[in-house]
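J.: Next up is a structure, given as structure tokens.
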Amino acid sequence: MSEFTVGERDFLLDGRPVRLLSGALHYFRVHEEQWGHRLAMLRAMGLNCVETYVPWNLHEPRPGIYDDVRALGRFLDAAREAGLWAIVRPGPYICAEWENGGLPHWLTGELGTRARTRDERFLEHLGRWFGALLPQVVDRQIDRGGPVIMVQVENEYGSYGSDAEYLRLLAELLREKGVIVPLVTSDGPEDHMLTGGSIPGVLATVNFGSRAREAFEVLRRHRADGPLMCMEFWCGWFDHWGGEHITRDAQDAAAALREILECGASVNLYMAHGGTNFAGWAGANRGGGAQHEGPLQPDVTSYDYDAPIDEFGNPTDKFWRLREVLAEFADGPLPEPPPAPARLGTPAEVRLMGWAPLGVVLETRGGPETSAPVPPTFEELDVDRGLVRYEVTVPGPRQPYPLIARGLRDLAVVYVDGQRAGVLTEEDQQLKEPVAGHARVELWVESLGRVNYGPRSGEPKGITGGLLHERQYLHDVRARGLRLDALDDIGDITLQPLAEDGAPGLYRGTVAVHGAGDALLELPGWTRGFAWINGFGLGRYWSVGPQRSLYVPGPVLREGENEVWLLELEGAPPAGAEALSLRGV
């Protein structure tokens, strides 16, 4: 059996020096039927390895309840069939612009900042999770004929904490569970990050987008020997809702890659192929400079990342420029890219059939209603992705006073006595018009994605500081949550004729497809919400841009009639407006 080890200056495969030319491709961001195509694209670009994170929250939605943990194993099998080695980064924290950095909402709701430390409760949860997950990795290590050559300990921990004992215990846990391939850490090329994030006996790597020689010089100050590796070479970047679409010049990225390889280093392209944040799993960042304490910046549904292989699996100009560089370091001629996936043959219009108000959807598919003195958080209501309706009575008689949703995270559509009264955000938590009593107030609060990086990762969602009327807290708050996964099968919701005014709610439509294949769902006039086709969650749409359509993987569509559902949270286009439609990518 083969053995992969870490030498004084090189990675060694059965004693022979090897260079890892890896690319990040997350199995959970690509439809499973398209894994083979995307992996073949990595090979054609000149890569010999694939890297993937593992999102804990995707696979353990509730404590001790697991959902398709074997998906990781199937992906690793596909990597082996494609002729690629594999690097697995199981976290437990992954960042990845993913909801809560991959940590389950129930975990951070319970532990707060005790997560990602040596806290006994956190380690207990982690031990159970790794017990369920790691057999998928251990059984596919290179010594057993599998593709796995390396496993990462945590992720960029030096950007977050300094609990060296936690890192040591985590590495020990990986070994106890059967991981025998080399362990690595990855951090930014700064002294405090490498000091906080690396541990003795575990290979340290660095993450950056340029100035490779300087980065490796910093790494060498901390580690005099061991192979050099950039675990994340940022050849593109991600987008936020309401921001600009970000790109990186292909020639600039190719020059930076060349510098890495000329240093004699191994590399992992982040991302080689980004994919899509299906089903509302996109995370969020916080602005505010180095402290990451500023305004919420929710990530868009597309994770195209301006990667060399775009969201639809196509080679970009960057693909060809990076391939030219990688070819110079390859053992032989590179394979040609595989044929492109099928694309939708004929554009098709979605015909809307019916509608249900948000209240009906909540009554049918929401969780139990609670009553408490203060607003419960999303975590207390067991809502990971979705929304919560808070309802409170302003007692009366009393004069009009400001209504404030203190500590709101992230966005609330407010109704007073059944009439829409405005939209509140983190930056503007006070309703524009004062509210007099007696009045019934509803606040439909939506999470726009949990923070995935920085000191505020793991913060709760919902109304976290109470409801104020002038300076007085309003108590006896009724709350009911609606999880997105409760809408994956929604055939039991009673529909009404379409609303003429485009009211918020759940809309059902159908679309006849001829020549099924990859497509885009165009949503002109729709404001903000989530979309499904044939029960597959496409993710969030939002008219603020920069993303204007949602990717529909070809395997989701079928010839003939397809079912479309839209959960519109603010306002649909009026009847007779430009129609929803599918078009080829």
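How things are named: the first chain in the structure tokens is A, the next is B, and so on; residues count from 1 in each chain; ligands count from 1 in the order shown.
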I need the residues of segment 391-431 of chain A that end up classed as strand (DSSP E) by DSSP on the backbone, written out as an MDAnalysis selection string.
T.: chainID A and resid 391:401 403:405 408:409 411:416 419:425
J.: With C-alpha atoms retained, could you export that selection as a PDB file, in the first residue's frame?
T.:
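The result, written out as selection-v3.pdb:
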ATOM      1  CA  GLU A 391     -46.198  39.014  17.700  1.00  0.00           C
ATOM      2  CA  VAL A 392     -46.759  41.439  20.572  1.00  0.00           C
ATOM      3  CA  THR A 393     -49.563  43.635  21.851  1.00  0.00           C
ATOM      4  CA  VAL A 394     -48.946  47.297  22.565  1.00  0.00           C
ATOM      5  CA  PRO A 395     -51.292  47.906  25.521  1.00  0.00           C
ATOM      6  CA  GLY A 396     -53.566  50.902  25.542  1.00  0.00           C
ATOM      7  CA  PRO A 397     -54.782  53.417  25.598  1.00  0.00           C
ATOM      8  CA  ARG A 398     -51.459  55.248  25.163  1.00  0.00           C
ATOM      9  CA  GLN A 399     -49.940  57.904  22.959  1.00  0.00           C
ATOM     10  CA  PRO A 400     -47.901  57.078  19.816  1.00  0.00           C
ATOM     11  CA  TYR A 401     -44.320  56.200  20.734  1.00  0.00           C
ATOM     12  CA  LEU A 403     -41.248  51.050  18.353  1.00  0.00           C
ATOM     13  CA  ILE A 404     -37.737  49.578  18.423  1.00  0.00           C
ATOM     14  CA  ALA A 405     -36.567  46.018  17.710  1.00  0.00           C
ATOM     15  CA  LEU A 408     -32.347  42.936  15.516  1.00  0.00           C
ATOM     16  CA  ARG A 409     -30.583  40.328  13.405  1.00  0.00           C
ATOM     17  CA  LEU A 411     -34.204  42.079   8.806  1.00  0.00           C
ATOM     18  CA  ALA A 412     -37.864  42.484   9.806  1.00  0.00           C
ATOM     19  CA  VAL A 413     -41.008  43.304   7.840  1.00  0.00           C
ATOM     20  CA  VAL A 414     -43.393  44.948  10.334  1.00  0.00           C
ATOM     21  CA  TYR A 415     -47.205  44.964  10.363  1.00  0.00           C
ATOM     22  CA  VAL A 416     -49.361  47.030  12.738  1.00  0.00           C
ATOM     23  CA  GLN A 419     -51.174  46.762   7.780  1.00  0.00           C
ATOM     24  CA  ARG A 420     -47.603  46.865   6.581  1.00  0.00           C
ATOM     25  CA  ALA A 421     -45.725  49.554   8.511  1.00  0.00           C
ATOM     26  CA  GLY A 422     -42.130  49.251   7.281  1.00  0.00           C
ATOM     27  CA  VAL A 423     -38.921  47.260   7.131  1.00  0.00           C
ATOM     28  CA  LEU A 424     -36.339  47.278   9.936  1.00  0.00           C
ATOM     29  CA  THR A 425     -32.674  46.362   9.666  1.00  0.00           C
TER      30      THR A 425
END
J.: Residues at most 9 Å from Thr52 of chain A, counting only C-alpha atoms, excluding those fewer than 6 positions away in the same chain, as a CSV table (one decimal) with all heavy atoms, in the first residue's frame?
T.:
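Full text of part15.csv as output:
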chain,number,residue,atom,x,y,z
A,23,GLY,N,-6.9,21.6,-6.0
A,23,GLY,CA,-8.0,22.6,-6.2
A,23,GLY,C,-9.2,22.4,-5.3
A,23,GLY,O,-9.6,21.2,-5.1
A,24,ALA,N,-9.7,23.4,-4.7
A,24,ALA,CA,-10.9,23.3,-3.8
A,24,ALA,C,-12.1,23.1,-4.7
A,24,ALA,O,-12.4,23.9,-5.6
A,24,ALA,CB,-11.0,24.6,-3.0
A,25,LEU,N,-12.9,22.1,-4.3
A,25,LEU,CA,-14.2,21.8,-4.9
A,25,LEU,C,-15.0,21.2,-3.8
A,25,LEU,O,-14.7,20.1,-3.3
A,25,LEU,CB,-14.0,20.9,-6.1
A,25,LEU,CG,-15.2,20.6,-7.0
A,25,LEU,CD1,-14.7,20.0,-8.3
A,25,LEU,CD2,-16.3,19.7,-6.4
A,26,HIS,N,-16.1,21.9,-3.4
A,26,HIS,CA,-16.9,21.4,-2.3
A,26,HIS,C,-18.0,20.5,-2.7
A,26,HIS,O,-18.9,21.0,-3.5
A,26,HIS,CB,-17.4,22.6,-1.5
A,26,HIS,CG,-16.3,23.5,-0.9
A,26,HIS,ND1,-16.5,24.8,-0.7
A,26,HIS,CD2,-15.0,23.2,-0.6
A,26,HIS,CE1,-15.4,25.3,-0.2
A,26,HIS,NE2,-14.4,24.4,-0.2
A,27,TYR,N,-18.1,19.3,-2.3
A,27,TYR,CA,-19.1,18.4,-2.8
A,27,TYR,C,-20.5,18.9,-2.5
A,27,TYR,O,-21.5,18.6,-3.2
A,27,TYR,CB,-18.9,17.0,-2.1
A,27,TYR,CG,-19.1,17.0,-0.6
A,27,TYR,CD1,-20.3,16.6,0.0
A,27,TYR,CD2,-18.0,17.3,0.2
A,27,TYR,CE1,-20.5,16.6,1.3
A,27,TYR,CE2,-18.2,17.3,1.6
A,27,TYR,CZ,-19.4,16.9,2.2
A,27,TYR,OH,-19.5,16.9,3.5
A,86,ALA,N,-6.8,13.5,-2.5
A,86,ALA,CA,-7.8,14.3,-1.8
A,86,ALA,C,-7.3,14.8,-0.4
A,86,ALA,O,-6.6,14.1,0.3
A,86,ALA,CB,-9.1,13.6,-1.5
A,87,ILE,N,-7.5,16.1,-0.2
A,87,ILE,CA,-7.3,16.7,1.1
A,87,ILE,C,-8.7,17.0,1.8
A,87,ILE,O,-9.5,17.6,1.1
A,87,ILE,CB,-6.5,18.1,1.0
A,87,ILE,CG1,-5.2,17.8,0.3
A,87,ILE,CG2,-6.4,18.7,2.3
A,87,ILE,CD1,-4.5,19.1,-0.1
A,88,VAL,N,-8.9,16.5,3.0
A,88,VAL,CA,-10.1,16.7,3.7
A,88,VAL,C,-9.9,17.7,4.8
A,88,VAL,O,-9.0,17.6,5.6
A,88,VAL,CB,-10.7,15.4,4.2
A,88,VAL,CG1,-12.0,15.6,4.9
A,88,VAL,CG2,-10.9,14.4,3.1
A,89,ARG,N,-10.8,18.7,4.9
A,89,ARG,CA,-10.8,19.7,5.9
A,89,ARG,C,-12.1,19.6,6.7
A,89,ARG,O,-13.1,20.3,6.4
A,89,ARG,CB,-10.5,21.1,5.3
A,89,ARG,CG,-9.3,21.1,4.5
A,89,ARG,CD,-8.7,22.5,4.5
A,89,ARG,NE,-9.3,23.4,3.5
A,89,ARG,CZ,-9.0,24.7,3.4
A,89,ARG,NH1,-8.2,25.3,4.2
A,89,ARG,NH2,-9.6,25.4,2.5
A,90,PRO,N,-12.2,18.8,7.7
A,90,PRO,CA,-13.4,18.5,8.4
A,90,PRO,C,-13.7,19.5,9.5
A,90,PRO,O,-14.7,19.4,10.2
A,90,PRO,CB,-13.2,17.2,9.1
A,90,PRO,CG,-11.7,17.1,9.3
A,90,PRO,CD,-11.1,17.9,8.2
J.: Check segment 359-572 of chain A with DSSP on the backbone and list each residue it calls helix (DSSP H, G or I), as a list in words.
T.: Gly359, Val360, Val361, Leu362, Glu363, Thr364, Arg365, Leu484, Asp485, Ala486, Leu487, Gly554, Pro555 and Val556 of chain A
J.: Can you tell me, as a PyMOL selection string, what residues are no more than 9 Å from segment 236-244 of chain A when counting only C-alpha atoms, ignoring any on the same chain fewer than 5 positions away?
T.: chain A and resi 97+209+249+253+270-271+284-285+297-308+542-547
J.: For the selection just defined, write its residues with N, CA, C and O atoms to a file, as an mmCIF file, in the first residue's frame.
T.:
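Here's the written file result-v4.cif:
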data_model
loop_
_atom_site.group_PDB
_atom_site.id
_atom_site.type_symbol
_atom_site.label_atom_id
_atom_site.label_comp_id
_atom_site.auth_asym_id
_atom_site.auth_seq_id
_atom_site.Cartn_x
_atom_site.Cartn_y
_atom_site.Cartn_z
ATOM 1 N N GLU A 97 -17.430 30.842 3.781
ATOM 2 C CA GLU A 97 -18.588 31.663 3.426
ATOM 3 C C GLU A 97 -19.872 30.836 3.528
ATOM 4 O O GLU A 97 -20.820 31.022 2.772
ATOM 5 N N GLY A 209 -3.276 35.410 -1.311
ATOM 6 C CA GLY A 209 -3.613 35.577 -2.722
ATOM 7 C C GLY A 209 -2.486 36.133 -3.568
ATOM 8 O O GLY A 209 -2.591 36.135 -4.797
ATOM 9 N N ASP A 249 -8.139 39.626 -12.253
ATOM 10 C CA ASP A 249 -7.570 39.480 -13.585
ATOM 11 C C ASP A 249 -6.887 38.122 -13.729
ATOM 12 O O ASP A 249 -6.136 37.685 -12.849
ATOM 13 N N ALA A 253 -3.652 36.483 -11.630
ATOM 14 C CA ALA A 253 -3.749 35.241 -10.866
ATOM 15 C C ALA A 253 -2.715 34.220 -11.332
ATOM 16 O O ALA A 253 -2.101 33.516 -10.514
ATOM 17 N N TYR A 270 -7.987 28.108 -4.276
ATOM 18 C CA TYR A 270 -9.263 28.360 -3.610
ATOM 19 C C TYR A 270 -9.936 29.548 -4.316
ATOM 20 O O TYR A 270 -9.475 30.669 -4.190
ATOM 21 N N MET A 271 -10.997 29.293 -5.072
ATOM 22 C CA MET A 271 -11.584 28.004 -5.398
ATOM 23 C C MET A 271 -11.162 27.600 -6.819
ATOM 24 O O MET A 271 -11.005 28.455 -7.681
ATOM 25 N N ALA A 284 -22.407 34.814 6.038
ATOM 26 C CA ALA A 284 -22.315 36.268 6.032
ATOM 27 C C ALA A 284 -21.016 36.679 6.709
ATOM 28 O O ALA A 284 -20.459 35.940 7.520
ATOM 29 N N ASN A 285 -20.554 37.850 6.342
ATOM 30 C CA ASN A 285 -19.391 38.438 6.990
ATOM 31 C C ASN A 285 -19.817 39.716 7.692
ATOM 32 O O ASN A 285 -20.941 40.185 7.538
ATOM 33 N N GLN A 297 -22.715 41.648 6.187
ATOM 34 C CA GLN A 297 -22.555 41.558 4.736
ATOM 35 C C GLN A 297 -22.921 40.134 4.304
ATOM 36 O O GLN A 297 -22.066 39.261 4.214
ATOM 37 N N PRO A 298 -24.220 39.882 4.043
ATOM 38 C CA PRO A 298 -24.641 38.527 3.672
ATOM 39 C C PRO A 298 -24.108 38.113 2.311
ATOM 40 O O PRO A 298 -24.060 38.907 1.369
ATOM 41 N N ASP A 299 -23.708 36.858 2.208
ATOM 42 C CA ASP A 299 -23.136 36.321 0.974
ATOM 43 C C ASP A 299 -24.242 35.913 0.007
ATOM 44 O O ASP A 299 -25.297 35.410 0.414
ATOM 45 N N VAL A 300 -23.977 36.095 -1.289
ATOM 46 C CA VAL A 300 -24.967 35.755 -2.305
ATOM 47 C C VAL A 300 -25.071 34.236 -2.458
ATOM 48 O O VAL A 300 -24.254 33.475 -1.932
ATOM 49 N N THR A 301 -26.077 33.805 -3.192
ATOM 50 C CA THR A 301 -26.295 32.372 -3.405
ATOM 51 C C THR A 301 -25.220 31.760 -4.287
ATOM 52 O O THR A 301 -24.748 30.651 -4.031
ATOM 53 N N SER A 302 -24.814 32.463 -5.331
ATOM 54 C CA SER A 302 -23.752 31.947 -6.194
ATOM 55 C C SER A 302 -22.427 31.936 -5.446
ATOM 56 O O SER A 302 -22.081 32.901 -4.756
ATOM 57 N N TYR A 303 -21.686 30.841 -5.574
ATOM 58 C CA TYR A 303 -20.321 30.798 -5.054
ATOM 59 C C TYR A 303 -19.353 30.634 -6.226
ATOM 60 O O TYR A 303 -18.369 29.922 -6.148
ATOM 61 N N ASP A 304 -19.673 31.328 -7.296
ATOM 62 C CA ASP A 304 -18.838 31.271 -8.492
ATOM 63 C C ASP A 304 -17.391 31.637 -8.182
ATOM 64 O O ASP A 304 -16.457 31.052 -8.731
ATOM 65 N N TYR A 305 -17.178 32.632 -7.320
ATOM 66 C CA TYR A 305 -15.868 32.991 -6.784
ATOM 67 C C TYR A 305 -14.915 33.544 -7.848
ATOM 68 O O TYR A 305 -13.740 33.714 -7.585
ATOM 69 N N ASP A 306 -15.438 33.818 -9.038
ATOM 70 C CA ASP A 306 -14.564 34.154 -10.171
ATOM 71 C C ASP A 306 -13.477 33.088 -10.308
ATOM 72 O O ASP A 306 -12.305 33.379 -10.576
ATOM 73 N N ALA A 307 -13.865 31.842 -10.111
ATOM 74 C CA ALA A 307 -12.938 30.713 -10.155
ATOM 75 C C ALA A 307 -12.608 30.345 -11.597
ATOM 76 O O ALA A 307 -13.345 30.710 -12.526
ATOM 77 N N PRO A 308 -11.531 29.602 -11.813
ATOM 78 C CA PRO A 308 -11.185 29.192 -13.181
ATOM 79 C C PRO A 308 -12.240 28.306 -13.838
ATOM 80 O O PRO A 308 -12.371 28.316 -15.055
ATOM 81 N N TRP A 542 -32.592 38.015 -4.392
ATOM 82 C CA TRP A 542 -32.759 39.332 -3.769
ATOM 83 C C TRP A 542 -32.496 40.385 -4.833
ATOM 84 O O TRP A 542 -31.464 40.368 -5.495
ATOM 85 N N SER A 543 -33.426 41.302 -4.978
ATOM 86 C CA SER A 543 -33.361 42.283 -6.058
ATOM 87 C C SER A 543 -32.242 43.303 -5.875
ATOM 88 O O SER A 543 -31.927 44.042 -6.807
ATOM 89 N N VAL A 544 -31.587 43.348 -4.689
ATOM 90 C CA VAL A 544 -30.501 44.315 -4.493
ATOM 91 C C VAL A 544 -29.260 43.942 -5.290
ATOM 92 O O VAL A 544 -28.343 44.751 -5.431
ATOM 93 N N GLY A 545 -29.194 42.715 -5.840
ATOM 94 C CA GLY A 545 -28.049 42.291 -6.637
ATOM 95 C C GLY A 545 -26.815 42.051 -5.780
ATOM 96 O O GLY A 545 -26.872 42.115 -4.556
ATOM 97 N N PRO A 546 -25.664 41.769 -6.379
ATOM 98 C CA PRO A 546 -25.411 41.792 -7.829
ATOM 99 C C PRO A 546 -25.930 40.560 -8.568
ATOM 100 O O PRO A 546 -25.972 40.553 -9.794
ATOM 101 N N GLN A 547 -26.310 39.510 -7.839
ATOM 102 C CA GLN A 547 -26.814 38.312 -8.502
ATOM 103 C C GLN A 547 -28.253 38.538 -8.950
ATOM 104 O O GLN A 547 -29.093 38.974 -8.154
#
J.: For segment 506-584 of chain A against segment 334-344 of chain A, with a cut-off of 8 Å and counting only C-alpha atoms, what is the closest atom pair and its distance in Å to one decimal for every residue that makes the cut, ordered by chain and number, as JSON lines?
T.:
{"residue": "A:Val513", "atom": "CA", "partner": "A:Leu344", "partner_atom": "CA", "distance": 7.9}
{"residue": "A:His514", "atom": "CA", "partner": "A:Leu344", "partner_atom": "CA", "distance": 7.5}
{"residue": "A:Gly515", "atom": "CA", "partner": "A:Leu344", "partner_atom": "CA", "distance": 5.6}
{"residue": "A:Ala516", "atom": "CA", "partner": "A:Leu344", "partner_atom": "CA", "distance": 5.0}
{"residue": "A:Gly517", "atom": "CA", "partner": "A:Arg343", "partner_atom": "CA", "distance": 4.0}
{"residue": "A:Asp518", "atom": "CA", "partner": "A:Arg343", "partner_atom": "CA", "distance": 4.4}
{"residue": "A:Ala519", "atom": "CA", "partner": "A:Leu344", "partner_atom": "CA", "distance": 5.5}
{"residue": "A:Gly554", "atom": "CA", "partner": "A:Arg343", "partner_atom": "CA", "distance": 6.9}
{"residue": "A:Arg583", "atom": "CA", "partner": "A:Leu344", "partner_atom": "CA", "distance": 6.5}
{"residue": "A:Gly584", "atom": "CA", "partner": "A:Leu344", "partner_atom": "CA", "distance": 4.5}
J.: Please, could you write that set of residues out with N, CA and C atoms as a PDB file, in the first residue's frame?
T.:
ATOM      1  N   VAL A 513     -40.560  21.913 -19.788  1.00  0.00           N
ATOM      2  CA  VAL A 513     -39.173  21.891 -20.244  1.00  0.00           C
ATOM      3  C   VAL A 513     -39.028  20.965 -21.435  1.00  0.00           C
ATOM      4  N   HIS A 514     -38.342  21.453 -22.466  1.00  0.00           N
ATOM      5  CA  HIS A 514     -38.003  20.641 -23.630  1.00  0.00           C
ATOM      6  C   HIS A 514     -36.490  20.749 -23.840  1.00  0.00           C
ATOM      7  N   GLY A 515     -35.808  19.627 -23.708  1.00  0.00           N
ATOM      8  CA  GLY A 515     -34.353  19.636 -23.759  1.00  0.00           C
ATOM      9  C   GLY A 515     -33.770  20.011 -22.416  1.00  0.00           C
ATOM     10  N   ALA A 516     -34.003  19.149 -21.378  1.00  0.00           N
ATOM     11  CA  ALA A 516     -33.559  19.457 -20.020  1.00  0.00           C
ATOM     12  C   ALA A 516     -32.038  19.574 -19.957  1.00  0.00           C
ATOM     13  N   GLY A 517     -31.568  20.516 -19.164  1.00  0.00           N
ATOM     14  CA  GLY A 517     -30.143  20.755 -18.967  1.00  0.00           C
ATOM     15  C   GLY A 517     -29.948  21.949 -18.065  1.00  0.00           C
ATOM     16  N   ASP A 518     -28.705  22.315 -17.832  1.00  0.00           N
ATOM     17  CA  ASP A 518     -28.407  23.441 -16.958  1.00  0.00           C
ATOM     18  C   ASP A 518     -29.159  24.685 -17.405  1.00  0.00           C
ATOM     19  N   ALA A 519     -29.690  25.422 -16.420  1.00  0.00           N
ATOM     20  CA  ALA A 519     -30.518  26.584 -16.733  1.00  0.00           C
ATOM     21  C   ALA A 519     -30.346  27.656 -15.669  1.00  0.00           C
ATOM     22  N   GLY A 554     -28.836  20.932 -14.288  1.00  0.00           N
ATOM     23  CA  GLY A 554     -29.604  20.127 -15.228  1.00  0.00           C
ATOM     24  C   GLY A 554     -30.272  18.907 -14.623  1.00  0.00           C
ATOM     25  N   ARG A 583     -33.922  29.893 -18.715  1.00  0.00           N
ATOM     26  CA  ARG A 583     -33.151  29.969 -19.951  1.00  0.00           C
ATOM     27  C   ARG A 583     -31.859  29.196 -19.763  1.00  0.00           C
ATOM     28  N   GLY A 584     -31.262  28.777 -20.839  1.00  0.00           N
ATOM     29  CA  GLY A 584     -30.015  28.038 -20.770  1.00  0.00           C
ATOM     30  C   GLY A 584     -28.879  28.904 -20.255  1.00  0.00           C
TER      31      GLY A 584
END
J.: Applying 6 Å and only C-alpha atoms, which residues near Met231 of chain A remain after dropping the ones on its own chain fewer than 5 positions away? List them as a short mmCIF file (atom, residue, chain, number, x, y, z; two decimals) with N, CA and C atoms, in the first residue's frame.
T.:
data_model
loop_
_atom_site.label_atom_id
_atom_site.label_comp_id
_atom_site.auth_asym_id
_atom_site.auth_seq_id
_atom_site.Cartn_x
_atom_site.Cartn_y
_atom_site.Cartn_z
N THR A 205 0.71 25.35 7.18
CA THR A 205 0.63 25.93 5.84
C THR A 205 0.03 27.32 5.94
N VAL A 206 0.11 28.09 4.85
CA VAL A 206 -0.38 29.47 4.88
C VAL A 206 -1.36 29.72 3.74
N ASN A 207 -2.20 30.73 3.94
CA ASN A 207 -3.24 31.11 2.99
C ASN A 207 -3.01 32.55 2.54
N VAL A 267 0.40 23.76 -3.67
CA VAL A 267 -0.64 24.79 -3.69
C VAL A 267 -2.01 24.13 -3.76
N ASN A 268 -2.98 24.84 -3.18
CA ASN A 268 -4.38 24.48 -3.33
C ASN A 268 -5.13 25.71 -3.80
#
J.: For Arg9 of chain A, work out the shell of residues within 12 Å, counting only C-alpha atoms and skipping chain neighbours fewer than 6 positions away, then give it as a JSON list (two decimals) with N, CA and C atoms, in the first residue's frame.
T.:
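Result file follows (out.json):
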[["chain", "number", "residue", "atom", "x", "y", "z"],
["A", 16, "ARG", "N", 9.22, 9.05, -2.46],
["A", 16, "ARG", "CA", 9.55, 9.90, -3.61],
["A", 16, "ARG", "C", 8.95, 11.29, -3.41],
["A", 17, "PRO", "N", 9.72, 12.36, -3.70],
["A", 17, "PRO", "CA", 9.18, 13.72, -3.56],
["A", 17, "PRO", "C", 8.01, 13.95, -4.53],
["A", 18, "VAL", "N", 6.95, 14.57, -4.04],
["A", 18, "VAL", "CA", 5.80, 14.93, -4.88],
["A", 18, "VAL", "C", 5.37, 16.34, -4.53],
["A", 19, "ARG", "N", 4.82, 17.01, -5.52],
["A", 19, "ARG", "CA", 4.26, 18.34, -5.31],
["A", 19, "ARG", "C", 2.74, 18.23, -5.43],
["A", 203, "LEU", "N", 2.12, 19.82, 10.48],
["A", 203, "LEU", "CA", 2.61, 20.69, 9.42],
["A", 203, "LEU", "C", 1.79, 21.97, 9.35],
["A", 220, "ARG", "N", 8.56, 30.39, 7.33],
["A", 220, "ARG", "CA", 9.86, 29.81, 7.69],
["A", 220, "ARG", "C", 10.38, 30.36, 9.02],
["A", 223, "ARG", "N", 8.49, 27.87, 11.14],
["A", 223, "ARG", "CA", 8.82, 26.48, 10.86],
["A", 223, "ARG", "C", 10.04, 26.44, 9.94],
["A", 224, "ALA", "N", 11.16, 26.05, 10.50],
["A", 224, "ALA", "CA", 12.40, 26.06, 9.72],
["A", 224, "ALA", "C", 12.44, 24.96, 8.68],
["A", 225, "ASP", "N", 11.66, 23.89, 8.88],
["A", 225, "ASP", "CA", 11.67, 22.82, 7.90],
["A", 225, "ASP", "C", 10.24, 22.36, 7.63],
["A", 226, "GLY", "N", 10.12, 21.35, 6.78],
["A", 226, "GLY", "CA", 8.82, 20.88, 6.32],
["A", 226, "GLY", "C", 8.48, 21.48, 4.97],
["A", 227, "PRO", "N", 7.63, 20.84, 4.20],
["A", 227, "PRO", "CA", 7.26, 21.35, 2.87],
["A", 227, "PRO", "C", 6.56, 22.71, 2.97],
["A", 228, "LEU", "N", 6.77, 23.53, 1.95],
["A", 228, "LEU", "CA", 6.03, 24.78, 1.83],
["A", 228, "LEU", "C", 4.72, 24.49, 1.09],
["A", 229, "MET", "N", 3.62, 25.07, 1.60],
["A", 229, "MET", "CA", 2.36, 24.91, 0.90],
["A", 229, "MET", "C", 1.46, 26.10, 1.17],
["A", 263, "CYS", "N", 8.69, 28.94, -5.96],
["A", 263, "CYS", "CA", 9.25, 28.81, -4.61],
["A", 263, "CYS", "C", 9.44, 27.34, -4.22],
["A", 264, "GLY", "N", 9.04, 26.44, -5.11],
["A", 264, "GLY", "CA", 9.12, 25.01, -4.79],
["A", 264, "GLY", "C", 7.99, 24.52, -3.93],
["A", 265, "ALA", "N", 6.91, 25.30, -3.84],
["A", 265, "ALA", "CA", 5.82, 24.99, -2.92],
["A", 265, "ALA", "C", 4.71, 24.20, -3.60],
["A", 266, "SER", "N", 3.91, 23.56, -2.76],
["A", 266, "SER", "CA", 2.65, 22.98, -3.20],
["A", 266, "SER", "C", 1.55, 24.02, -3.04]]
J.: Would you work out the distance separating atom CA of Ala171 of chain A from atom CA of Asp119 of chain A, expressed in Å to one decimal?
T.: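 These two atoms are separated by 15.5 Å.
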J.: So that I can see what lies close to segment 496-504 of chain A, please list as a VMD selection string the residues with an atom at most 8 Å from it, counting only C-alpha atoms and leaving out residues fewer than 4 positions away in the same chain.
T.: chain A and resid 352 to 358 567 to 575
J.: Show me, as JSON, numbers by chain, the residues that have an atom within 8 Å of Gly386 of chain A when counting only C-alpha atoms, minus same-chain residues fewer than 5 positions from it.
T.: {"A": [446, 447, 481, 482, 483, 484]}
J.: Counting only C-alpha atoms, which residue out of A:Pro55, A:Asn314, A:Glu442, A:Met45 sits closest to Phe329 of chain A?
T.: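 Nearest to Phe329 of chain A: A:Met45.
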J.: Using atom CA of Cys235 of chain A and atom CA of Tyr541 of chain A as the two end points, give the distance in Å to one decimal.
T.: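 Spanning atom CA of Cys235 of chain A to atom CA of Tyr541 of chain A is a straight-line distance of 25.7 Å.
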J.: Counting only C-alpha atoms, which of A:Arg70, A:Glu154, A:Phe312, A:His105 gets nearest to Leu134 of chain A?
T.: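 Of A:Arg70, A:Glu154, A:Phe312, A:His105, the one nearest Leu134 of chain A is A:Arg70, counting only C-alpha atoms.
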J.: Hey, which of A:Cys230, A:Leu126, A:Leu20, A:Ala78 ends up closest to Tyr93 of chain A? Count only C-alpha atoms.
T.: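 Closest candidate: A:Leu126.
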J.: Compare A:Gly458, A:Pro61, A:Gly529, A:Gly196 by their minimum atom-to-atom distance to Gly109 of chain A, counting only C-alpha atoms, and give me the closest one.
T.: A:Gly458
